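Okay, structure-v5.tsv is below, TSV, C-alpha atoms:
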chain	number	residue	atom	x	y	z
A	709	MET	CA	-9.92	-46.38	31.99
A	710	LYS	CA	-8.43	-44.17	29.33
A	711	SER	CA	-5.57	-43.50	31.71
A	712	PHE	CA	-4.78	-47.20	31.99
A	713	TYR	CA	-4.81	-47.50	28.22
A	714	TYR	CA	-2.31	-44.65	27.79
A	715	GLY	CA	-0.15	-46.02	30.56
A	716	SER	CA	0.04	-49.51	29.08
A	717	VAL	CA	0.84	-48.14	25.63
A	718	LEU	CA	3.68	-46.10	27.14
A	719	PHE	CA	4.85	-49.12	29.14
A	720	ILE	CA	4.90	-51.43	26.13
A	721	PHE	CA	6.67	-48.78	24.06
A	722	LEU	CA	9.38	-48.39	26.72
A	723	ILE	CA	10.12	-52.10	27.00
A	724	LEU	CA	10.49	-52.61	23.24
A	725	PRO	CA	14.10	-53.78	22.90
A	726	PRO	CA	15.24	-51.11	20.39
A	727	VAL	CA	13.66	-48.31	22.46
A	728	ALA	CA	15.12	-49.66	25.70
A	729	GLU	CA	18.54	-50.03	24.11
A	730	LEU	CA	18.50	-46.51	22.73
A	731	LEU	CA	17.44	-44.94	26.04
A	732	GLU	CA	20.02	-46.97	27.96
A	733	SER	CA	22.89	-45.99	25.68
A	734	VAL	CA	23.19	-42.59	27.34
A	735	MET	CA	23.63	-42.57	31.11
A	736	ILE	CA	21.55	-39.49	31.90
A	737	VAL	CA	18.74	-40.61	29.60
A	738	HIS	CA	18.77	-44.02	31.24
A	739	MET	CA	18.39	-42.56	34.73
A	740	HIS	CA	16.47	-39.35	34.12
A	741	MET	CA	14.23	-40.27	31.23
A	742	GLN	CA	13.68	-44.01	30.97
A	743	MET	CA	13.25	-44.60	34.70
A	744	PRO	CA	10.89	-41.64	35.34
A	745	LEU	CA	8.86	-42.58	32.26
A	746	LEU	CA	8.47	-46.10	33.63
A	747	ILE	CA	7.20	-44.62	36.91
A	748	ILE	CA	4.80	-42.38	34.96
A	749	ALA	CA	3.57	-45.40	32.97
A	750	GLY	CA	2.81	-47.08	36.30
A	751	MET	CA	1.00	-43.98	37.57
A	752	LEU	CA	-1.16	-43.92	34.46
A	753	MET	CA	-1.96	-47.61	34.86
A	754	ALA	CA	-2.80	-47.22	38.55
A	755	PRO	CA	-6.64	-46.77	38.26
A	756	LEU	CA	-7.03	-50.40	37.23
A	757	PHE	CA	-5.32	-51.56	40.39
A	758	GLN	CA	-7.22	-49.07	42.52
A	759	LYS	CA	-10.53	-50.64	41.48
A	760	ASN	CA	-9.52	-53.73	43.36
A	761	SER	CA	-10.06	-53.64	47.11
A	762	PHE	CA	-6.46	-54.71	47.80
A	763	LEU	CA	-4.93	-51.23	47.72
A	764	ARG	CA	-7.91	-49.73	49.56
A	765	LYS	CA	-7.46	-52.26	52.30
A	766	TRP	CA	-3.71	-52.52	52.62
A	767	ASN	CA	-2.70	-49.01	51.66
A	768	GLU	CA	-5.47	-47.25	53.49
A	769	ASN	CA	-3.55	-44.28	54.86
A	770	GLY	CA	-1.14	-44.21	51.92
A	771	ARG	CA	1.98	-44.52	54.03
A	772	PRO	CA	3.00	-48.08	53.09
A	773	GLY	CA	2.60	-47.09	49.44
A	774	ILE	CA	4.73	-43.98	49.77
A	775	LEU	CA	7.36	-46.00	51.58
A	776	LEU	CA	7.35	-48.65	48.86
A	777	PHE	CA	7.74	-45.92	46.24
A	778	MET	CA	10.65	-44.31	48.10
A	779	LEU	CA	12.49	-47.60	48.59
A	780	THR	CA	12.09	-48.73	44.98
A	781	PHE	CA	13.06	-45.27	43.75
A	782	SER	CA	16.18	-45.19	45.95
A	783	TYR	CA	17.23	-48.66	44.87
A	784	TRP	CA	17.43	-47.51	41.27
A	785	LEU	CA	19.65	-44.58	42.24
A	786	LEU	CA	22.52	-46.94	43.05
A	787	PRO	CA	25.27	-46.92	40.41
A	788	ARG	CA	25.43	-50.69	40.58
A	789	THR	CA	21.80	-51.26	39.63
A	790	MET	CA	22.27	-49.25	36.44
A	791	ASP	CA	25.26	-51.38	35.44
A	792	GLU	CA	23.48	-54.59	36.29
A	793	ALA	CA	20.38	-53.62	34.35
A	794	LEU	CA	22.67	-53.57	31.32
A	795	SER	CA	24.57	-56.77	32.07
A	796	SER	CA	21.83	-58.97	33.52
A	797	MET	CA	18.53	-59.72	31.84
A	798	TRP	CA	16.94	-60.48	35.22
A	799	ILE	CA	17.81	-57.10	36.68
A	800	GLU	CA	16.65	-55.43	33.47
A	801	GLY	CA	13.35	-57.29	33.80
A	802	PHE	CA	13.09	-56.31	37.44
A	803	LYS	CA	13.56	-52.67	36.44
A	804	PHE	CA	10.68	-52.87	33.99
A	805	ILE	CA	8.41	-54.45	36.61
A	806	SER	CA	9.48	-52.62	39.76
A	807	LEU	CA	9.47	-49.01	38.53
A	808	PRO	CA	5.91	-49.00	37.15
A	809	PHE	CA	4.27	-51.40	39.60
A	810	LEU	CA	6.22	-50.91	42.83
A	811	ALA	CA	6.89	-47.19	42.41
A	812	GLY	CA	4.38	-45.68	39.95
A	813	VAL	CA	1.22	-47.46	41.09
A	814	PRO	CA	1.75	-47.01	44.84
A	815	LEU	CA	2.77	-43.37	44.33
A	816	ARG	CA	-0.48	-42.46	42.59
A	817	ASP	CA	-2.56	-44.50	44.99
A	818	SER	CA	-0.92	-42.94	48.03
A	819	TRP	CA	-0.51	-39.33	46.98
A	820	THR	CA	-4.18	-38.44	47.47
A	821	LYS	CA	-4.35	-40.34	50.74
A	822	VAL	CA	-1.42	-38.88	52.65
A	823	SER	CA	-1.39	-35.54	54.45
A	824	ASN	CA	0.20	-32.42	53.02
A	825	ARG	CA	2.86	-32.74	55.62
A	826	THR	CA	3.87	-36.22	54.40
A	827	LYS	CA	3.94	-34.93	50.83
A	828	ARG	CA	6.35	-32.22	51.85
A	829	VAL	CA	8.55	-34.70	53.69
A	830	VAL	CA	8.65	-36.87	50.56
A	831	LEU	CA	9.57	-33.92	48.36
A	832	ILE	CA	12.28	-32.79	50.75
A	833	VAL	CA	13.73	-36.30	50.96
A	834	ILE	CA	13.80	-36.55	47.16
A	835	THR	CA	15.51	-33.14	46.96
A	836	LEU	CA	18.14	-34.21	49.50
A	837	LEU	CA	18.67	-37.51	47.70
A	838	SER	CA	19.12	-35.64	44.40
A	839	ALA	CA	21.63	-33.31	46.00
A	840	LEU	CA	23.54	-36.24	47.47
A	841	MET	CA	23.54	-38.32	44.29
A	842	GLY	CA	24.52	-35.26	42.25
A	843	TRP	CA	27.41	-34.65	44.58
A	844	ILE	CA	28.53	-38.29	44.34
A	845	TYR	CA	28.31	-38.44	40.55
A	846	ILE	CA	30.00	-35.06	39.97
A	847	PHE	CA	32.87	-35.35	42.42
A	848	SER	CA	33.63	-39.06	42.47
A	849	PRO	CA	37.21	-39.54	41.27
A	850	ASN	CA	36.31	-43.06	40.17
A	851	GLN	CA	34.29	-44.42	37.33
A	852	LEU	CA	31.18	-45.55	39.17
A	853	CYS	CA	29.60	-47.48	36.33
A	854	ASN	CA	31.69	-49.80	34.21
A	855	ASN	CA	29.37	-49.28	31.25
A	856	TYR	CA	29.52	-45.49	31.18
A	857	LEU	CA	32.38	-43.01	30.92
A	858	ILE	CA	33.28	-40.54	33.66
A	859	VAL	CA	32.16	-37.60	31.55
A	860	GLU	CA	28.66	-39.08	31.34
A	861	GLN	CA	28.72	-39.60	35.06
A	862	VAL	CA	29.42	-35.89	35.65
A	863	THR	CA	26.57	-34.97	33.28
A	864	LEU	CA	24.26	-37.21	35.28
A	865	GLY	CA	25.39	-35.50	38.48
A	866	TRP	CA	24.41	-32.09	37.10
A	867	GLY	CA	21.11	-33.63	36.01
A	868	PHE	CA	20.47	-34.61	39.61
A	869	TRP	CA	21.24	-31.11	40.85
A	870	THR	CA	18.92	-29.62	38.24
A	871	MET	CA	16.15	-31.96	39.32
A	872	GLY	CA	16.80	-31.14	42.98
A	873	LEU	CA	16.67	-27.43	42.19
A	874	CYS	CA	13.35	-27.79	40.35
A	875	ILE	CA	11.77	-29.67	43.24
A	876	SER	CA	13.06	-27.19	45.77
A	877	ILE	CA	11.57	-24.33	43.74
A	878	TYR	CA	8.26	-26.19	43.92
A	879	ILE	CA	8.63	-26.61	47.68
A	880	VAL	CA	9.17	-22.86	48.11
A	881	TYR	CA	6.22	-22.13	45.83
A	882	ASP	CA	4.12	-24.53	47.86
A	883	MET	CA	5.05	-22.75	51.08
A	884	PHE	CA	3.34	-19.61	49.85
A	885	SER	CA	0.20	-21.37	48.71
A	886	GLU	CA	-3.02	-21.58	50.68
A	887	LYS	CA	-2.62	-25.29	51.18
A	888	TRP	CA	0.32	-24.63	53.46
A	889	GLU	CA	-1.65	-22.33	55.74
A	890	GLU	CA	-4.53	-24.76	55.89
A	891	SER	CA	-2.38	-27.55	57.14
A	892	TYR	CA	-0.68	-25.57	59.91
B	1344	MET	CA	-7.93	-57.08	61.79
B	1345	ASN	CA	-8.54	-53.37	62.32
B	1346	THR	CA	-7.24	-50.56	60.14
B	1347	ILE	CA	-4.29	-49.55	62.27
B	1348	HIS	CA	-2.99	-53.08	62.45
B	1349	ARG	CA	-3.37	-53.56	58.73
B	1350	ASN	CA	-1.44	-50.39	57.97
B	1351	LEU	CA	1.24	-51.40	60.40
B	1352	LEU	CA	1.50	-54.86	58.87
B	1353	SER	CA	1.77	-53.59	55.30
B	1354	THR	CA	4.33	-50.98	56.36
B	1355	THR	CA	6.38	-53.73	57.99
B	1356	ILE	CA	6.17	-55.90	54.89
B	1357	VAL	CA	7.26	-52.97	52.71
B	1358	LEU	CA	10.19	-52.26	55.03
B	1359	LEU	CA	11.28	-55.89	54.99
B	1360	PHE	CA	11.01	-55.95	51.21
B	1361	GLY	CA	13.11	-52.78	50.98
B	1362	PHE	CA	15.72	-54.16	53.32
B	1363	GLY	CA	15.88	-57.42	51.34
B	1364	LEU	CA	16.12	-55.50	48.08
B	1365	PHE	CA	19.03	-53.37	49.24
B	1366	PHE	CA	20.68	-56.26	51.07
B	1367	THR	CA	20.74	-58.58	48.07
B	1368	GLY	CA	21.34	-55.74	45.62
B	1369	THR	CA	24.52	-54.66	47.38
B	1370	ASP	CA	25.83	-58.06	48.60
B	1371	GLY	CA	24.93	-57.18	52.17
B	1372	PHE	CA	25.67	-53.43	51.95
B	1373	LYS	CA	29.22	-54.14	50.80
B	1374	ALA	CA	29.12	-53.33	47.09
B	1375	PHE	CA	27.28	-50.26	45.80
B	1376	THR	CA	28.94	-50.20	42.39
B	1377	ALA	CA	29.50	-52.97	39.87
B	1378	GLU	CA	33.25	-52.51	40.36
B	1379	GLU	CA	32.99	-53.15	44.11
B	1380	ALA	CA	30.89	-56.22	43.37
B	1381	ARG	CA	33.59	-57.45	40.98
B	1382	LEU	CA	36.31	-57.06	43.63
B	1383	LEU	CA	34.18	-58.81	46.23
B	1384	LYS	CA	33.62	-61.73	43.87
B	1385	LEU	CA	37.36	-61.99	43.13
B	1386	GLN	CA	38.16	-62.07	46.85
B	1387	GLU	CA	35.75	-64.95	47.28
B	1388	GLU	CA	36.65	-66.95	44.21
B	1389	LYS	CA	40.43	-66.46	44.22
B	1390	PRO	CA	40.83	-67.40	40.55
B	1391	GLU	CA	43.97	-69.12	39.31
B	1392	VAL	CA	46.31	-67.59	36.77
B	1393	PRO	CA	45.46	-69.28	33.46
B	1394	ASP	CA	48.15	-70.84	31.25
B	1395	LEU	CA	50.13	-68.15	29.50
B	1396	VAL	CA	53.51	-67.19	28.12
B	1397	LEU	CA	55.09	-63.89	29.12
B	1398	GLU	CA	57.73	-62.04	27.16
B	1399	ASP	CA	59.63	-59.50	29.25
B	1400	SER	CA	61.79	-56.48	28.51
B	1401	LYS	CA	64.87	-58.74	28.20
B	1402	ARG	CA	63.13	-60.75	25.47
B	1403	SER	CA	62.97	-63.81	27.73
B	1404	SER	CA	59.84	-65.87	27.40
B	1405	TYR	CA	58.49	-68.06	30.19
B	1406	THR	CA	55.30	-69.42	31.70
B	1407	TRP	CA	54.00	-68.81	35.23
B	1408	ASP	CA	56.25	-71.65	36.46
B	1409	GLU	CA	58.98	-69.02	36.48
B	1410	PHE	CA	57.33	-67.65	39.63
B	1411	GLN	CA	56.71	-71.05	41.24
B	1412	GLY	CA	56.71	-70.66	45.00
B	1413	LYS	CA	56.80	-66.86	44.91
B	1414	TYR	CA	54.23	-64.17	45.44
B	1415	VAL	CA	53.65	-62.01	42.39
B	1416	PHE	CA	52.55	-58.40	42.70
B	1417	ILE	CA	50.86	-57.41	39.44
B	1418	THR	CA	49.62	-54.32	37.66
B	1419	PHE	CA	48.13	-54.02	34.18
B	1420	PHE	CA	49.17	-51.08	32.01
B	1421	TYR	CA	50.26	-49.97	28.54
B	1422	THR	CA	53.21	-47.72	27.86
B	1423	ALA	CA	51.41	-45.16	25.68
B	1424	CYS	CA	48.98	-44.42	28.49
B	1425	THR	CA	49.21	-40.85	29.76
B	1426	THR	CA	46.50	-40.88	32.40
B	1427	VAL	CA	46.29	-43.47	35.13
B	1428	CYS	CA	49.16	-45.84	34.24
B	1429	PRO	CA	52.07	-43.55	35.17
B	1430	GLN	CA	50.36	-43.00	38.53
B	1431	LEU	CA	49.74	-46.73	38.88
B	1432	GLU	CA	53.39	-47.60	38.14
B	1433	THR	CA	54.73	-44.78	40.34
B	1434	ASN	CA	52.66	-46.11	43.22
B	1435	MET	CA	53.83	-49.63	42.44
B	1436	ALA	CA	57.40	-48.36	42.70
B	1437	LYS	CA	56.61	-46.96	46.14
B	1438	VAL	CA	55.25	-50.32	47.29
B	1439	TYR	CA	58.33	-52.00	45.79
B	1440	GLU	CA	60.59	-49.75	47.87
B	1441	GLN	CA	58.79	-50.76	51.05
B	1442	VAL	CA	59.29	-54.49	50.55
B	1443	PRO	CA	62.29	-55.88	52.50
B	1444	ARG	CA	65.32	-56.25	50.19
B	1445	GLU	CA	65.94	-59.87	51.09
B	1446	SER	CA	62.42	-60.84	50.03
B	1447	LEU	CA	62.64	-59.25	46.59
B	1448	GLY	CA	63.11	-61.91	43.95
B	1449	GLU	CA	63.13	-64.63	46.63
B	1450	ASP	CA	59.62	-64.47	48.07
B	1451	ILE	CA	58.00	-61.92	45.84
B	1452	VAL	CA	58.33	-60.69	42.28
B	1453	PHE	CA	56.81	-57.49	40.92
B	1454	LEU	CA	55.31	-57.79	37.47
B	1455	SER	CA	53.77	-55.13	35.23
B	1456	ILE	CA	51.79	-56.70	32.42
B	1457	SER	CA	51.03	-54.73	29.27
B	1458	PHE	CA	47.68	-55.32	27.63
B	1459	ALA	CA	48.78	-53.66	24.38
B	1460	PRO	CA	51.32	-56.24	23.10
B	1461	ASP	CA	51.46	-54.75	19.60
B	1462	GLN	CA	52.85	-51.42	20.75
B	1463	ASP	CA	54.69	-52.62	23.84
B	1464	THR	CA	57.65	-54.49	22.38
B	1465	PRO	CA	60.56	-55.51	24.65
B	1466	ALA	CA	62.35	-52.35	23.50
B	1467	ALA	CA	59.41	-50.15	24.52
B	1468	LEU	CA	59.17	-51.99	27.83
B	1469	THR	CA	62.89	-51.53	28.48
B	1470	LYS	CA	62.56	-47.81	27.96
B	1471	TYR	CA	59.44	-47.57	30.08
B	1472	LYS	CA	60.79	-49.57	33.01
B	1473	ALA	CA	63.68	-47.13	33.41
B	1474	TYR	CA	61.26	-44.37	34.43
B	1475	PHE	CA	60.12	-46.30	37.46
B	1476	GLY	CA	63.33	-47.94	38.66
B	1477	SER	CA	62.28	-51.43	37.64
B	1478	ASP	CA	65.38	-53.66	37.43
B	1479	GLY	CA	63.91	-56.19	35.01
B	1480	GLU	CA	64.54	-59.02	37.44
B	1481	THR	CA	62.77	-58.50	40.77
B	1482	TRP	CA	60.41	-56.10	39.04
B	1483	ARG	CA	59.69	-57.14	35.49
B	1484	MET	CA	57.72	-55.57	32.74
B	1485	ALA	CA	56.26	-58.01	30.26
B	1486	ARG	CA	53.69	-58.52	27.55
B	1487	ILE	CA	51.52	-61.49	26.64
B	1488	THR	CA	51.79	-61.87	22.90
B	1489	ASP	CA	49.04	-64.46	22.48
B	1490	GLU	CA	45.73	-62.60	22.35
B	1491	GLY	CA	43.73	-65.55	23.65
B	1492	GLU	CA	46.00	-65.98	26.68
B	1493	LEU	CA	45.92	-62.24	27.42
B	1494	ASN	CA	42.13	-62.13	27.27
B	1495	ALA	CA	41.84	-65.22	29.47
B	1496	LEU	CA	43.98	-63.52	32.13
B	1497	LEU	CA	42.09	-60.21	31.92
B	1498	GLU	CA	38.82	-62.08	32.13
B	1499	ALA	CA	39.93	-64.18	35.12
B	1500	PHE	CA	41.11	-61.10	37.02
B	1501	GLY	CA	38.12	-59.01	35.92
B	1502	VAL	CA	40.21	-56.34	34.21
B	1503	ILE	CA	37.96	-54.41	31.84
B	1504	VAL	CA	39.78	-52.76	28.94
B	1505	ILE	CA	37.73	-50.66	26.53
B	1506	PRO	CA	39.77	-49.40	23.56
B	1507	ASP	CA	38.76	-45.99	22.23
B	1508	ASN	CA	39.44	-45.12	18.63
B	1509	ASN	CA	42.63	-43.13	19.24
B	1510	GLY	CA	44.88	-45.98	20.33
B	1511	ASN	CA	44.06	-45.39	23.99
B	1512	PHE	CA	42.21	-47.56	26.46
B	1513	THR	CA	39.79	-46.96	29.30
B	1514	HIS	CA	40.53	-49.50	32.02
B	1515	ASN	CA	40.06	-50.15	35.70
B	1516	SER	CA	43.25	-50.16	37.77
B	1517	ALA	CA	44.31	-52.05	40.86
B	1518	PHE	CA	47.19	-53.93	42.47
B	1519	TYR	CA	46.82	-57.70	42.19
B	1520	LEU	CA	48.60	-60.09	44.54
B	1521	VAL	CA	48.97	-63.70	43.41
B	1522	ASP	CA	50.10	-66.27	45.97
B	1523	ARG	CA	52.83	-68.92	45.73
B	1524	GLU	CA	50.40	-71.39	44.17
B	1525	GLY	CA	49.35	-69.00	41.41
B	1526	ARG	CA	46.02	-68.00	42.91
B	1527	LEU	CA	44.80	-64.42	43.09
B	1528	GLN	CA	44.66	-63.55	46.78
B	1529	GLU	CA	44.14	-59.80	46.90
B	1530	VAL	CA	42.92	-56.97	44.73
B	1531	LEU	CA	44.15	-53.75	46.32
B	1532	ASP	CA	43.44	-50.05	45.88
B	1533	TYR	CA	46.37	-48.70	43.88
B	1534	ARG	CA	46.08	-45.26	45.50
B	1535	ASP	CA	46.61	-46.64	48.99
B	1536	ILE	CA	50.36	-47.31	48.84
B	1537	ASP	CA	50.94	-47.91	52.54
B	1538	GLY	CA	47.87	-50.10	52.78
B	1539	ALA	CA	49.07	-52.28	49.90
B	1540	ALA	CA	52.59	-52.47	51.34
B	1541	ALA	CA	51.16	-53.53	54.69
B	1542	VAL	CA	49.14	-56.31	53.06
B	1543	VAL	CA	52.21	-57.57	51.18
B	1544	ASP	CA	54.21	-57.42	54.39
B	1545	SER	CA	51.60	-59.38	56.31
B	1546	TYR	CA	51.64	-62.15	53.69
B	1547	LEU	CA	55.44	-62.37	53.76
B	1548	LYS	CA	55.53	-62.37	57.59
B	1549	MET	CA	52.72	-64.93	57.84
B	1550	GLU	CA	54.95	-67.36	55.91
B	1551	ALA	CA	57.96	-66.69	58.13
B	1552	ASN	CA	56.12	-67.85	61.25
Encoded form using structure tokens:
Amino acid sequence: MKSFYYGSVLFIFLILPPVAELLESVMIVHMHMQMPLLIIAGMLMAPLFQKNSFLRKWNENGRPGILLFMLTFSYWLLPRTMDEALSSMWIEGFKFISLPFLAGVPLRDSWTKVSNRTKRVVLIVITLLSALMGWIYIFSPNQLCNNYLIVEQVTLGWGFWTMGLCISIYIVYDMFSEKWEESY
Amino acid sequence: MNTIHRNLLSTTIVLLFGFGLFFTGTDGFKAFTAEEARLLKLQEEKPEVPDLVLEDSKRSSYTWDEFQGKYVFITFFYTACTTVCPQLETNMAKVYEQVPRESLGEDIVFLSISFAPDQDTPAALTKYKAYFGSDGETWRMARITDEGELNALLEAFGVIVIPDNNGNFTHNSAFYLVDREGRLQEVLDYRDIDGAAAVVDSYLKMEAN
């Protein structure tokens, strides 16, 4: 239960208005620090939800959970959702609920249940999404978010490519591990 | 219910949720940025031009009644702008050239509105309009001196102007087409000259029939 405790402390810290405002003032911090931290907070809080039979019953093979994580995660990649989180209190609230509880919790619950093959598919999809979003944010001639300048947008794009690169290094590393041979 | 069915059911629910999330979040897959959402909303609402007084390069002042019964093709700019505005006005000039001569001034008026009234005096506007072949009559350049009226117009048309500290502004650019009754009908991509000209043409032709 220690994990849940740490997770809820992190969660409460992140939703404190001054902290949220500070993290959201810089585009790349908003997307690549605040949002992942919210997911991590959810992952830390997951054990409490796993005690309940609900997840065991309805997320038995882990696939619905992974899918829920991917969809929630992708939704928050849209330029529009970032703008709206700043202009609408409801969307901001939805961000604080959806990332921990609809992305973080199902991710932790599912990760141990799904096969190695599914894990690899997930990692590859995230890498491709990062590459795509990076490309959009770097090369878009337009300002995609009304609340952030173009120069911040380009920085965010490079952040995506860096993240994609890191995950692809992990995928290559994973290919040479024993796990890979076991599963094929 | 057995395991396979349960997994299938929860997967379906998750998929439906995801679809609903993206559908509502993007106005039915039509607006992926806040800017696109703004344009979509303008197209639906067709806001009216609020009450205002324009002062043009000839120092004449008038309200929107001046354009009663005419289409007005609008851009927002400021003369000290070195980035997007010259491009915006150049493209506006190219649309202007494509409009049939007999319609100019009769059915449609081109109007460039400055959102920096302090710098953009009639003298500055006169100088600026010469660069783009604006005649001051069928294509006018004007400012709105009353700050409240200017802000009301920018707000109604969803023009976002963020001043930086060096006397410049970050702003979103578009062509705006107001109909004969003073309602905003179209917000057009300012980089698509032929597309904008075609839209203007279709409005003018629609009236003729």
Could you please select, counting only C-alpha atoms, the residues of chain B within 9 Å of chain A and state them as a compact mmCIF listing (two decimals) with C-alpha atoms, in the frame of the given file?
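Here's the written file iface-v5.txt:
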# COMPACT_ATOMS: atom_id res chain seq x y z
CA THR B 1346 -7.24 -50.56 60.14
CA ARG B 1349 -3.37 -53.56 58.73
CA ASN B 1350 -1.44 -50.39 57.97
CA LEU B 1351 1.24 -51.40 60.40
CA LEU B 1352 1.50 -54.86 58.87
CA SER B 1353 1.77 -53.59 55.30
CA THR B 1354 4.33 -50.98 56.36
CA THR B 1355 6.38 -53.73 57.99
CA ILE B 1356 6.17 -55.90 54.89
CA VAL B 1357 7.26 -52.97 52.71
CA LEU B 1358 10.19 -52.26 55.03
CA PHE B 1360 11.01 -55.95 51.21
CA GLY B 1361 13.11 -52.78 50.98
CA PHE B 1362 15.72 -54.16 53.32
CA LEU B 1364 16.12 -55.50 48.08
CA PHE B 1365 19.03 -53.37 49.24
CA GLY B 1368 21.34 -55.74 45.62
CA THR B 1369 24.52 -54.66 47.38
CA ALA B 1374 29.12 -53.33 47.09
CA PHE B 1375 27.28 -50.26 45.80
CA THR B 1376 28.94 -50.20 42.39
CA ALA B 1377 29.50 -52.97 39.87
CA GLU B 1378 33.25 -52.51 40.36
CA GLU B 1379 32.99 -53.15 44.11
CA ALA B 1380 30.89 -56.22 43.37
CA ILE B 1503 37.96 -54.41 31.84
CA THR B 1513 39.79 -46.96 29.30
CA ASN B 1515 40.06 -50.15 35.70
What is the atom CA of Leu752 of chain A-atom CA of Tyr714 of chain A distance in Å, reported with one decimal? 6.8 Å
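With all atoms listed in the file taken into account, every residue lying no more than 12 Å from the file point (42.4, -65.3, 29.2) is included here: Pro1390, Glu1391, Val1392, Pro1393, Asp1394, Leu1395, Val1396, Phe1458, Ile1487, Thr1488, Asp1489, Glu1490, Gly1491, Glu1492, Leu1493, Asn1494, Ala1495, Leu1496, Leu1497, Glu1498, Ala1499, Phe1500, Gly1501 and Val1502 of chain B.
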Given the selection you just returned, output its residues as a file containing C-alpha atoms, formatted as a short mmCIF file (atom, residue, chain, number, x, y, z; two decimals), in the frame of the given file.
data_model
loop_
_atom_site.label_atom_id
_atom_site.label_comp_id
_atom_site.auth_asym_id
_atom_site.auth_seq_id
_atom_site.Cartn_x
_atom_site.Cartn_y
_atom_site.Cartn_z
CA PRO B 1390 40.83 -67.40 40.55
CA GLU B 1391 43.97 -69.12 39.31
CA VAL B 1392 46.31 -67.59 36.77
CA PRO B 1393 45.46 -69.28 33.46
CA ASP B 1394 48.15 -70.84 31.25
CA LEU B 1395 50.13 -68.15 29.50
CA VAL B 1396 53.51 -67.19 28.12
CA PHE B 1458 47.68 -55.32 27.63
CA ILE B 1487 51.52 -61.49 26.64
CA THR B 1488 51.79 -61.87 22.90
CA ASP B 1489 49.04 -64.46 22.48
CA GLU B 1490 45.73 -62.60 22.35
CA GLY B 1491 43.73 -65.55 23.65
CA GLU B 1492 46.00 -65.98 26.68
CA LEU B 1493 45.92 -62.24 27.42
CA ASN B 1494 42.13 -62.13 27.27
CA ALA B 1495 41.84 -65.22 29.47
CA LEU B 1496 43.98 -63.52 32.13
CA LEU B 1497 42.09 -60.21 31.92
CA GLU B 1498 38.82 -62.08 32.13
CA ALA B 1499 39.93 -64.18 35.12
CA PHE B 1500 41.11 -61.10 37.02
CA GLY B 1501 38.12 -59.01 35.92
CA VAL B 1502 40.21 -56.34 34.21
#
Can you tell me how far atom CA of Ala749 of chain A sits from atom CA of Gly715 of chain A, in Å to one decimal?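 That distance, rounded to one decimal, is 4.5 Å.
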Do a neighbour search on segment 1517-1527 of chain B at 9 Å with all atoms listed in the file, toss out local chain neighbours closer than 6 positions, and write the hits as a PyMOL selection string. chain B and resi 1385-1386+1388-1393+1407-1408+1410-1419+1431+1435+1450-1451+1500+1502+1533-1534+1539+1543+1546
Nearby residues (only C-alpha atoms) at most 12 Å from Ser1455 of chain B, same-chain spacing under 2 positions excluded, as a ChimeraX atom specification: /B:1397-1400,1415-1422,1428-1429,1431-1433,1435-1436,1439,1452-1453,1457-1458,1463,1468-1469,1471-1472,1475,1477-1487,1516-1520
Would you mind listing what lies within 7 Å of Ile747 of chain A as a list in words, with only C-alpha atoms counted and same-chain residues fewer than 2 positions away left out?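 My reading of the contact set: Met743, Pro744, Leu745, Ala749, Gly750, Met751, Leu807, Pro808, Ala811 and Gly812 of chain A.
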One number please: atom CA of Val717 of chain A to atom CA of Leu746 of chain A, in Å, one decimal.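 So the answer is 11.2 Å.
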Around all of segment 833-843 of chain A's listed atoms, make the axis-aligned box with 8 Å on each side and tell me centre and edge lengths in Å to one decimal, as JSON.
{"center_x": 20.6, "center_y": -35.7, "center_z": 46.6, "size_x": 29.7, "size_y": 21.2, "size_z": 24.7}
Pick out the closest residue to Gly801 of chain A from this set: A:Ala728, A:Leu718, A:Met883, A:Leu837. Count all atoms listed in the file. A:Ala728
